[in-house]
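*Asks:* Okay, so here is model-v5.txt, and as you'll see once you scroll down, it has compact mmCIF, C-alpha atoms.
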# COMPACT_ATOMS: atom_id res chain seq x y z
CA MET A 171 64.35 97.29 83.44
CA SER A 172 65.16 94.71 86.13
CA GLN A 173 66.25 92.22 83.46
CA GLU A 174 68.16 94.72 81.30
CA LYS A 175 71.82 95.21 82.08
CA ILE A 176 72.80 98.85 82.29
CA LYS A 177 76.22 99.23 80.72
CA PHE A 178 79.01 100.64 82.83
CA SER A 179 79.88 103.08 80.07
CA GLN A 180 78.82 103.81 76.51
CA ALA A 181 80.30 106.33 74.11
CA SER A 182 77.98 109.01 72.74
CA ILE A 183 78.44 108.53 68.99
CA GLY A 184 76.20 110.05 66.33
CA LYS A 185 75.95 110.62 62.61
CA GLU A 186 78.61 113.33 62.78
CA GLU A 187 81.25 110.82 63.82
CA GLU A 188 80.06 108.32 61.20
CA GLU A 189 80.28 110.94 58.46
CA ALA A 190 83.73 112.03 59.67
CA VAL A 191 85.03 108.46 59.42
CA LEU A 192 83.60 108.09 55.94
CA ARG A 193 85.18 111.39 54.93
CA VAL A 194 88.60 110.08 55.91
CA LEU A 195 88.07 106.68 54.31
CA ARG A 196 87.10 108.34 51.05
CA SER A 197 90.02 110.78 51.17
CA GLY A 198 92.56 108.03 50.58
CA TRP A 199 94.70 109.16 53.54
CA LEU A 200 94.12 107.15 56.75
CA THR A 201 97.21 107.66 58.92
CA THR A 202 98.46 110.83 60.64
CA GLY A 203 97.78 113.82 58.44
CA LYS A 204 95.65 116.92 58.13
CA GLU A 205 92.78 115.58 60.30
CA THR A 206 95.18 114.92 63.15
CA PHE A 207 96.87 118.30 62.81
CA ALA A 208 93.46 119.99 62.83
CA PHE A 209 92.43 118.01 65.90
CA GLU A 210 95.60 119.08 67.69
CA GLU A 211 95.02 122.74 66.86
CA GLU A 212 91.37 122.64 67.93
CA PHE A 213 92.23 120.91 71.20
CA ALA A 214 95.00 123.41 71.91
CA ASN A 215 92.57 126.27 71.37
CA LYS A 216 90.06 124.64 73.69
CA ILE A 217 92.40 124.28 76.68
CA GLY A 218 94.70 127.24 75.97
CA ALA A 219 97.88 125.19 75.47
CA LYS A 220 100.65 126.36 73.16
CA HIS A 221 101.49 122.85 71.91
CA THR A 222 99.42 119.69 71.62
CA LEU A 223 100.31 116.30 70.15
CA ALA A 224 97.82 113.55 69.34
CA VAL A 225 99.00 110.06 70.29
CA ASN A 226 97.65 106.52 70.07
CA SER A 227 97.06 106.27 73.84
CA ALA A 228 97.52 108.20 77.05
CA THR A 229 100.05 105.52 78.02
CA SER A 230 102.17 106.46 75.00
CA GLY A 231 101.68 110.10 75.88
CA LEU A 232 103.01 109.58 79.39
CA MET A 233 106.03 107.70 78.08
CA LEU A 234 106.80 110.50 75.62
CA ALA A 235 106.34 113.09 78.37
CA TYR A 236 108.73 111.31 80.74
CA ASN A 237 111.21 110.89 77.90
CA ALA A 238 110.99 114.59 77.04
CA LEU A 239 112.02 115.40 80.61
CA GLY A 240 115.06 113.14 80.26
CA ILE A 241 113.72 110.52 82.66
CA GLY A 242 115.34 107.12 82.31
CA THR A 243 117.47 104.53 84.09
CA GLY A 244 118.58 105.78 87.51
CA ASP A 245 115.69 108.25 87.76
CA LYS A 246 112.37 108.03 89.57
CA ILE A 247 108.89 109.48 89.25
CA LEU A 248 106.64 110.20 92.23
CA THR A 249 102.98 109.31 91.86
CA THR A 250 99.96 107.79 93.58
CA PRO A 251 99.19 104.08 94.06
CA TYR A 252 95.53 104.91 93.36
CA THR A 253 95.66 104.99 89.56
CA PHE A 254 95.67 102.74 86.53
CA ALA A 255 98.86 100.75 86.02
CA SER A 256 99.96 102.79 82.99
CA THR A 257 100.88 105.86 85.06
CA ALA A 258 103.78 103.87 86.49
CA LEU A 259 104.44 101.41 83.67
CA ALA A 260 105.09 104.20 81.19
CA ALA A 261 108.06 105.19 83.36
CA ARG A 262 109.19 101.59 83.77
CA HIS A 263 109.35 101.26 79.96
CA LEU A 264 112.09 103.92 80.10
CA GLY A 265 113.96 102.18 82.90
CA ALA A 266 112.83 104.59 85.63
CA GLU A 267 111.57 103.53 89.06
CA ILE A 268 108.46 104.53 90.97
CA VAL A 269 108.04 106.23 94.35
CA TYR A 270 104.53 106.32 95.80
CA ALA A 271 102.77 108.89 97.96
CA ASP A 272 99.42 108.19 99.62
CA ILE A 273 96.21 109.91 98.62
CA GLU A 274 94.27 112.42 100.70
CA LYS A 275 91.99 111.05 103.41
CA ASP A 276 88.78 112.47 101.94
CA SER A 277 89.52 112.29 98.23
CA TYR A 278 91.14 109.95 95.74
CA ASN A 279 93.86 112.39 94.70
CA ILE A 280 97.51 112.40 95.73
CA ASP A 281 98.24 114.22 99.00
CA PRO A 282 100.58 117.23 98.62
CA ALA A 283 101.89 116.65 102.15
CA ALA A 284 102.82 113.07 101.23
CA ILE A 285 104.52 114.37 98.08
CA GLU A 286 106.71 116.72 100.08
CA LYS A 287 107.57 114.01 102.59
CA ALA A 288 108.76 111.71 99.78
CA LEU A 289 110.84 114.48 98.21
CA LYS A 290 112.49 115.25 101.55
CA GLU A 291 113.46 111.59 101.85
CA ASP A 292 114.92 111.55 98.32
CA LYS A 293 118.47 112.27 99.47
CA ASN A 294 120.06 111.40 96.12
CA HIS A 295 117.61 113.59 94.17
CA GLN A 296 116.54 110.75 91.90
CA ILE A 297 112.92 111.89 91.69
CA LYS A 298 112.65 113.93 88.51
CA ALA A 299 108.89 114.41 88.21
CA ILE A 300 105.72 114.48 90.27
CA VAL A 301 102.83 112.80 88.45
CA PRO A 302 99.49 113.84 89.98
CA VAL A 303 96.44 111.95 88.68
CA HIS A 304 93.09 113.73 88.53
CA ILE A 305 91.03 110.74 89.64
CA ALA A 306 87.52 110.58 88.15
CA GLY A 307 88.01 114.10 86.77
CA ASN A 308 88.35 115.74 90.19
CA VAL A 309 91.38 118.02 89.90
CA CYS A 310 94.34 117.63 92.26
CA ARG A 311 95.56 120.55 94.37
CA MET A 312 97.78 121.81 91.58
CA GLN A 313 98.81 125.12 93.11
CA GLU A 314 100.33 123.33 96.11
CA ILE A 315 101.86 120.60 93.95
CA ASN A 316 103.47 123.14 91.60
CA GLN A 317 104.87 125.07 94.54
CA ILE A 318 106.39 121.89 95.98
CA ALA A 319 107.81 120.98 92.58
CA GLN A 320 109.49 124.38 92.25
CA LYS A 321 110.86 124.13 95.80
CA TYR A 322 112.54 120.79 95.09
CA GLY A 323 113.47 121.43 91.46
CA VAL A 324 111.34 118.70 89.89
CA LYS A 325 108.87 118.77 87.00
CA VAL A 326 105.12 118.09 87.00
CA VAL A 327 103.49 115.72 84.52
CA GLU A 328 99.71 115.71 84.91
CA ASP A 329 98.01 112.40 84.27
CA ALA A 330 94.84 114.04 83.00
CA ALA A 331 93.38 110.85 81.52
CA HIS A 332 90.13 111.47 83.42
CA ALA A 333 90.18 115.24 83.40
CA PHE A 334 88.82 116.62 80.14
CA PRO A 335 87.08 119.10 80.16
CA SER A 336 88.00 119.95 83.77
CA LYS A 337 88.43 123.72 84.00
CA THR A 338 89.49 125.33 87.26
CA LYS A 339 89.97 128.98 88.16
CA ASP A 340 93.59 128.55 87.08
CA GLY A 341 92.80 126.98 83.72
CA PHE A 342 92.19 123.55 82.26
CA ALA A 343 93.53 120.48 84.04
CA GLY A 344 96.26 119.02 81.87
CA ASN A 345 97.60 122.52 81.22
CA LEU A 346 98.54 123.34 84.80
CA GLY A 347 101.93 121.60 85.03
CA ASP A 348 104.91 121.20 82.72
CA ILE A 349 103.23 118.54 80.56
CA GLY A 350 99.70 117.11 80.63
CA VAL A 351 98.42 113.88 79.11
CA PHE A 352 94.78 113.17 78.24
CA SER A 353 93.04 109.92 77.29
CA PHE A 354 90.42 109.41 74.60
CA TYR A 355 89.84 105.73 75.38
CA ALA A 356 86.34 104.42 74.68
CA THR A 357 85.04 105.13 78.20
CA LYS A 358 86.39 108.67 78.52
CA THR A 359 84.44 111.93 78.43
CA ILE A 360 85.27 112.29 74.75
CA THR A 361 86.64 109.42 72.72
CA THR A 362 88.57 108.47 69.60
CA ALA A 363 88.07 104.76 70.49
CA GLU A 364 91.77 104.58 71.37
CA GLY A 365 94.02 107.60 71.65
CA GLY A 366 95.21 110.54 73.69
CA MET A 367 96.64 114.04 73.60
CA ILE A 368 99.74 115.64 75.12
CA ALA A 369 99.71 119.31 76.07
CA THR A 370 102.63 121.57 77.00
CA ASN A 371 103.63 125.20 76.84
CA ASN A 372 107.31 124.34 76.52
CA PRO A 373 108.49 124.35 72.88
CA GLU A 374 111.54 122.15 73.56
CA TYR A 375 109.44 119.43 75.18
CA ALA A 376 106.91 119.69 72.36
CA GLU A 377 109.52 119.25 69.65
CA LYS A 378 111.18 116.28 71.34
CA MET A 379 107.81 114.55 71.75
CA ARG A 380 106.78 115.39 68.19
CA VAL A 381 109.88 113.72 66.78
CA ASN A 382 109.78 110.76 69.13
CA ARG A 383 106.15 109.89 68.65
CA LEU A 384 107.10 108.51 65.21
CA HIS A 385 110.44 106.67 65.35
CA GLY A 386 112.56 109.75 66.04
CA ILE A 387 112.12 110.87 62.42
CA ASN A 388 112.57 114.59 61.85
CA ARG A 389 110.01 114.87 59.07
CA PRO A 390 106.28 113.98 59.43
CA ILE A 391 104.99 111.43 56.95
CA TRP A 392 102.29 113.88 55.80
CA ASP A 393 105.00 116.32 54.73
CA ARG A 394 107.06 113.59 53.10
CA TYR A 395 104.24 112.51 50.82
CA THR A 396 102.45 115.80 50.14
CA SER A 397 105.27 118.32 49.64
CA ASP A 398 107.42 118.92 46.58
CA LYS A 399 110.54 117.85 48.48
CA ALA A 400 111.69 114.27 47.84
CA SER A 401 109.54 111.93 49.94
CA TRP A 402 112.39 109.56 50.71
CA GLU A 403 114.59 112.20 52.34
CA TYR A 404 114.43 112.19 56.13
CA ASP A 405 116.67 111.65 59.12
CA VAL A 406 116.34 109.61 62.32
CA VAL A 407 117.55 112.01 65.01
CA ASP A 408 116.46 110.23 68.21
CA GLU A 409 115.46 106.78 69.50
CA GLY A 410 111.75 107.35 69.03
CA TYR A 411 108.65 105.19 69.30
CA LYS A 412 105.46 104.44 67.34
CA CYS A 413 102.83 106.56 69.09
CA ASN A 414 101.05 108.56 66.39
CA LEU A 415 97.26 108.89 66.11
CA PRO A 416 95.80 108.14 62.63
CA ASP A 417 93.44 110.51 60.85
CA ILE A 418 90.54 108.08 60.97
CA LEU A 419 90.53 108.34 64.80
CA SER A 420 91.33 112.04 64.87
CA ALA A 421 88.27 112.69 62.73
CA ILE A 422 86.12 111.08 65.43
CA GLY A 423 87.92 113.17 68.04
CA ARG A 424 87.20 116.42 66.21
CA GLU A 425 83.47 115.72 66.27
CA GLN A 426 83.60 114.63 69.91
CA LEU A 427 85.44 117.83 70.81
CA LYS A 428 82.59 119.90 69.36
CA LYS A 429 80.21 118.09 71.72
CA ALA A 430 82.46 118.12 74.77
CA ASP A 431 80.60 120.80 76.70
CA LEU A 432 77.20 119.25 75.94
CA LEU A 433 78.38 115.79 77.00
CA PHE A 434 79.81 117.31 80.19
CA GLU A 435 76.48 118.97 81.02
CA LYS A 436 74.66 115.67 80.52
CA ARG A 437 77.05 113.96 82.92
CA LYS A 438 76.55 116.67 85.53
CA LYS A 439 72.76 116.34 85.38
CA ILE A 440 72.99 112.61 86.04
CA VAL A 441 75.45 113.21 88.88
CA CYS A 442 73.06 115.74 90.43
CA ARG A 443 70.31 113.14 90.41
CA PHE A 444 72.59 110.56 91.98
CA ASN A 445 73.76 112.99 94.66
CA GLN A 446 70.24 114.16 95.47
CA ALA A 447 69.06 110.58 95.91
CA PHE A 448 72.04 109.19 97.81
CA LYS A 449 72.71 112.04 100.25
CA GLU A 450 69.78 110.97 102.44
CA TYR A 451 71.36 107.65 103.45
CA ASP A 452 74.07 107.30 106.07
CA PHE A 453 75.28 104.02 104.57
CA LEU A 454 76.48 105.97 101.52
CA THR A 455 79.10 108.70 101.06
CA LEU A 456 78.95 110.90 97.97
CA PRO A 457 82.01 111.22 95.73
CA PRO A 458 84.39 114.11 96.48
CA ASP A 459 83.81 117.19 94.37
CA GLY A 460 85.99 120.17 93.58
CA ASP A 461 86.72 123.04 91.22
CA GLY A 462 86.27 121.92 87.62
CA ASN A 463 85.32 118.29 88.25
CA ALA A 464 84.82 116.54 84.89
CA TRP A 465 82.78 113.70 86.45
CA HIS A 466 84.39 111.02 84.35
CA LEU A 467 83.50 108.44 87.02
CA TYR A 468 80.98 108.30 89.85
CA LEU A 469 82.88 106.85 92.82
CA LEU A 470 80.31 106.00 95.48
CA ARG A 471 81.54 104.93 98.90
CA ILE A 472 79.62 102.63 101.20
CA ASN A 473 79.79 102.96 104.99
CA GLN A 474 80.44 99.36 105.98
CA SER A 475 79.85 100.09 109.69
CA LYS A 476 76.18 100.58 108.77
CA LEU A 477 75.87 97.40 106.69
CA ASN A 478 76.17 93.67 107.24
CA ILE A 479 77.92 93.13 103.90
CA ASN A 480 81.23 94.37 102.53
CA ARG A 481 81.99 96.33 99.37
CA ASN A 482 82.47 93.25 97.18
CA GLN A 483 79.18 91.73 98.32
CA PHE A 484 77.39 95.04 97.79
CA GLY A 485 78.85 95.24 94.28
CA ALA A 486 77.86 91.65 93.49
CA GLU A 487 74.24 92.41 94.41
CA LEU A 488 74.27 95.49 92.18
CA GLN A 489 75.48 93.31 89.34
CA GLU A 490 72.65 90.86 90.02
CA ALA A 491 70.29 93.82 89.80
CA GLY A 492 71.57 94.55 86.29
CA LEU A 493 74.14 97.28 86.92
CA GLY A 494 77.43 97.27 85.03
CA ILE A 495 79.65 98.44 87.86
CA SER A 496 83.40 98.63 88.34
CA MET A 497 85.94 99.29 91.10
CA HIS A 498 88.36 102.22 90.69
CA PHE A 499 91.14 101.69 91.36
CA ILE A 500 92.90 98.57 92.51
CA PRO A 501 95.93 100.25 94.14
CA HIS A 502 99.33 99.31 92.74
CA TYR A 503 100.47 97.68 95.96
CA ARG A 504 97.86 94.96 95.39
CA PHE A 505 99.31 93.94 92.03
CA THR A 506 101.94 91.20 91.95
CA TYR A 507 104.39 93.15 89.79
CA PHE A 508 104.51 96.30 91.93
CA LYS A 509 104.25 94.40 95.20
CA ASN A 510 107.23 92.23 94.33
CA ARG A 511 109.36 94.99 92.84
CA TYR A 512 108.86 97.61 95.53
CA GLY A 513 107.83 95.60 98.59
CA LEU A 514 104.61 97.58 98.88
CA LYS A 515 102.06 96.84 101.62
CA PRO A 516 98.49 98.12 102.13
CA GLU A 517 99.36 99.43 105.60
CA ASP A 518 101.84 101.83 103.99
CA PHE A 519 98.96 103.58 102.22
CA ALA A 520 96.14 103.78 104.77
CA ASN A 521 94.06 106.35 102.88
CA ALA A 522 94.28 104.54 99.55
CA GLU A 523 93.37 101.23 101.17
CA ASN A 524 90.39 102.69 103.02
CA GLN A 525 89.03 104.26 99.85
CA TYR A 526 89.60 101.11 97.82
CA GLN A 527 87.78 98.90 100.33
CA ALA A 528 84.72 101.17 100.34
CA THR A 529 84.33 102.36 96.73
CA ILE A 530 82.02 101.19 93.95
CA THR A 531 81.99 102.88 90.55
CA LEU A 532 78.45 103.24 89.19
CA PRO A 533 77.35 103.48 85.56
CA LEU A 534 77.67 107.05 84.27
CA TRP A 535 77.49 108.07 80.62
CA PRO A 536 75.85 111.02 78.85
CA ASP A 537 73.04 109.19 77.04
CA MET A 538 71.64 107.33 80.05
CA ASN A 539 67.87 107.82 80.00
CA ASP A 540 65.63 108.63 82.96
CA GLU A 541 64.60 105.02 83.46
CA GLN A 542 68.21 103.83 83.52
CA VAL A 543 69.23 106.52 86.00
CA GLU A 544 66.31 105.65 88.28
CA HIS A 545 67.15 101.97 88.07
CA VAL A 546 70.72 102.65 89.23
CA ILE A 547 69.45 104.81 92.10
CA ASN A 548 66.83 102.28 93.21
CA ALA A 549 69.24 99.33 93.02
CA VAL A 550 71.79 101.08 95.22
CA ILE A 551 69.26 102.27 97.79
CA GLN A 552 67.40 98.97 97.98
CA THR A 553 70.62 97.01 98.37
CA GLY A 554 71.69 99.28 101.20
CA LYS A 555 68.32 99.10 102.95
CA GLN A 556 68.26 95.30 102.78
CA HIS A 557 71.61 95.09 104.59
CA TYR A 558 71.29 98.06 106.96
CA VAL A 559 72.14 97.36 110.61
Starting from the coordinates I provided, produce the structure as C-alpha cells.

*Replies:*
Amino acid sequence: MSQEKIKFSQASIGKEEEEAVLRVLRSGWLTTGKETFAFEEEFANKIGAKHTLAVNSATSGLMLAYNALGIGTGDKILTTPYTFASTALAARHLGAEIVYADIEKDSYNIDPAAIEKALKEDKNHQIKAIVPVHIAGNVCRMQEINQIAQKYGVKVVEDAAHAFPSKTKDGFAGNLGDIGVFSFYATKTITTAEGGMIATNNPEYAEKMRVNRLHGINRPIWDRYTSDKASWEYDVVDEGYKCNLPDILSAIGREQLKKADLLFEKRKKIVCRFNQAFKEYDFLTLPPDGDGNAWHLYLLRINQSKLNINRNQFGAELQEAGLGISMHFIPHYRFTYFKNRYGLKPEDFANAENQYQATITLPLWPDMNDEQVEHVINAVIQTGKQHYV
C-alpha cells in the first residue's frame, strides 16, 4: 500500500448507473426530458420539498436562485469567506456585490452573530440574502439564521452543495431556507458527474427558475417535441440562461439517489474509524460534528503548537506517503480577485484564517477498503509522531 496512491475521492458507480446511461442512449432522447423530470420528483420526495429543479451545476443553481429573489446590480448577498468561489461568483454574474461574515471559532460554518453584525451595518439595506454554506455537510445553525433573516427582512439561500443527505430535526438541509442548492459534482455524496438541484417551497420562485434555466422560454423542450401542439410555438418571457440538466446525467442521478442512504452509512463508518484512531493524539483535532452531518469531507485539524512542521509541510508528507489530500477551503480573501475588489485581509476573518492554516482534508469515499482506511490512519499518525515536540 505504501506505493499506491489513495485517491482523494472516487464516485461509487455500479452496473445500475451503466444500465441507466445505456437506457437513455437507446431511447433517442438525451437532453432534458422524462428522466430529468422523474429525478426532480424523486429528489423532492426524498427531502420533502414542494419544488425541485435539476440544473447543470450548483453554480448555475445559485445564480438562478439569486435571480429568482430579484438580486442584481446595486444589491448584495451576505456569505462566508470559507467556501468555494462559486458561492460569491454566482452573485457577481448578476452584478451583485458580496459582504462577508466570519465563521464560528470551532466550526467551519458562518457565525450567526457575525451575520447580524453585518446586517446592522447595512444602513442602505442593500443585502438581500444570507447565503449560509453547510461546509463538509455539517449543517449551519439554521434556526438562528432564519430568525435573523426574518428580523432584517432578507431571504435565505442555502448553499447545500456539501449537504445531501443531511437531515436535521427540522428537516433536510437545503430545504430549511427560502431556496436551497445542491451539487452533484463528481466528488459529492451522490453524483451525476456534473449537475445540481434547486429546492424551494415557494411556487413563484420555482416558476421563475424553471423558465430561466432554459433561455427564459415558457415551454419546456420536452413538451414542444412530444405534445400535439406545434413544436415551434413558444415565447421568450425573461432573460434566461442555459442551465438545464440532460437526461443522460439525470439517469445516473436517479440510480445514485436510490443508494444515497447506503453511501451515507459507508461514509459514517469510515469517519468513525478515523475519529476513533485520531482522538488519542493531542496534535490532532477531530472535525466538528452536528445534527445531520453528511460527512462529505473529513476536515482534520493539526495542532501546530505540538509539531515542528506547519500544515503545508504536514500535507506534503502525507502526499509522499501516498494520500490524495486537499485543503478546504482557501478563503476568498486570499484570492486575487476578491482581495482586489473588496480589500479583504486575513486579519478581518480571524476564525476563518485559523481554520484554514490548520486544516487538511483527508481521503473519504464510500468504497474505501479496510487497507486503504488503515493506510490513511497510519500515515497521519506516523507523520504527527515524527514531528511531535

*Asks:* Just checking: using all atoms listed in the file, which residue out of A:Gly265, A:Pro302, A:Gly218, A:Pro516 ends up closest to Asp245 in chain A?

*Replies:*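 Nearest candidate to Asp245 in chain A out of A:Gly265, A:Pro302, A:Gly218, A:Pro516: A:Gly265.
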
*Asks:* For the interface of range 256-334 of chain A with range 484-507 of chain A (cut-off 10 Å, counting all atoms listed in the file), please tabulate each contacting residue of range 256-334 of chain A alongside its nearest pair of atoms and their separation in Å to one decimal, rows sorted by chain and increasing number, as JSON lines.

*Replies:*
{"residue": "A:Ala258", "atom": "CA", "partner": "A:His502", "partner_atom": "CA", "distance": 8.9}
{"residue": "A:Tyr270", "atom": "CA", "partner": "A:His502", "partner_atom": "CA", "distance": 9.2}
{"residue": "A:Tyr278", "atom": "CA", "partner": "A:Phe499", "partner_atom": "CA", "distance": 9.3}
{"residue": "A:Ile305", "atom": "CA", "partner": "A:His498", "partner_atom": "CA", "distance": 9.0}
{"residue": "A:Ala306", "atom": "CA", "partner": "A:His498", "partner_atom": "CA", "distance": 8.8}

*Asks:* Let me make sure I understand: among A:Lys275, A:Arg511, A:Thr249, A:Gln446, which one has the smallest atom-to-atom distance to Leu289 in chain A if we use all atoms listed in the file?

*Replies:*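 Closest candidate: A:Thr249.
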
*Asks:* For each of A:Phe434, A:Gly423, A:Pro457, A:Ile472, take the minimum atom-to-atom distance to Val191 in chain A, counting only C-alpha atoms, then give the residue where this is smallest.

*Replies:*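 Among the listed residues, the smallest separation from Val191 in chain A belongs to A:Gly423.
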
*Asks:* I want to know what sits within 12 Å of range 389-404 of chain A, based on only C-alpha atoms, with residues of the same chain fewer than 5 positions away left out; could you give that as a list in words?

*Replies:*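 Using only C-alpha atoms, the neighbours found are Trp199, Leu200, Thr201, Thr202, Gly203, Lys204, Glu205, Thr206, Phe207, Glu377, Arg380, Val381, Asn382, Arg383, Leu384, Asn414, Pro416 and Asp417 of chain A.
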
*Asks:* Could you check which of A:Gln483, A:Ser182, A:Gln474, A:Asn237 is closest to Gly386 in chain A, using all atoms listed in the file?

*Replies:*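 The answer is A:Asn237, which sits nearest to Gly386 in chain A.
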
*Asks:* Just checking: using all atoms listed in the file, which residue out of A:Asn482, A:Gln556, A:Asn371, A:Thr531 ends up closest to Gly344 in chain A?

*Replies:*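 Checking each of A:Asn482, A:Gln556, A:Asn371, A:Thr531 against Gly344 in chain A, counting all atoms listed in the file, the winner is A:Asn371.
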
*Asks:* When you count all atoms listed in the file, which of these residues is closest to Ser420 in chain A: A:Ala363, A:Val324, A:Ile268, A:Leu346?

*Replies:*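 For Ser420 in chain A, the nearest of the candidates is A:Ala363.
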
*Asks:* As a ChimeraX atom specification, please: the residues near Ser336 in chain A (cut-off 8 Å, all atoms listed in the file, same-chain neighbours under 5 positions excluded).

*Replies:* /A:307-309,342-343,462-464

*Asks:* Store the residues of this selection in a file with C-alpha atoms, as a JSON list (two decimals), in the frame of the given file.

*Replies:*
[["chain", "number", "residue", "atom", "x", "y", "z"],
["A", 307, "GLY", "CA", 88.01, 114.10, 86.77],
["A", 308, "ASN", "CA", 88.35, 115.74, 90.19],
["A", 309, "VAL", "CA", 91.38, 118.02, 89.90],
["A", 342, "PHE", "CA", 92.19, 123.55, 82.26],
["A", 343, "ALA", "CA", 93.53, 120.48, 84.04],
["A", 462, "GLY", "CA", 86.27, 121.92, 87.62],
["A", 463, "ASN", "CA", 85.32, 118.29, 88.25],
["A", 464, "ALA", "CA", 84.82, 116.54, 84.89]]
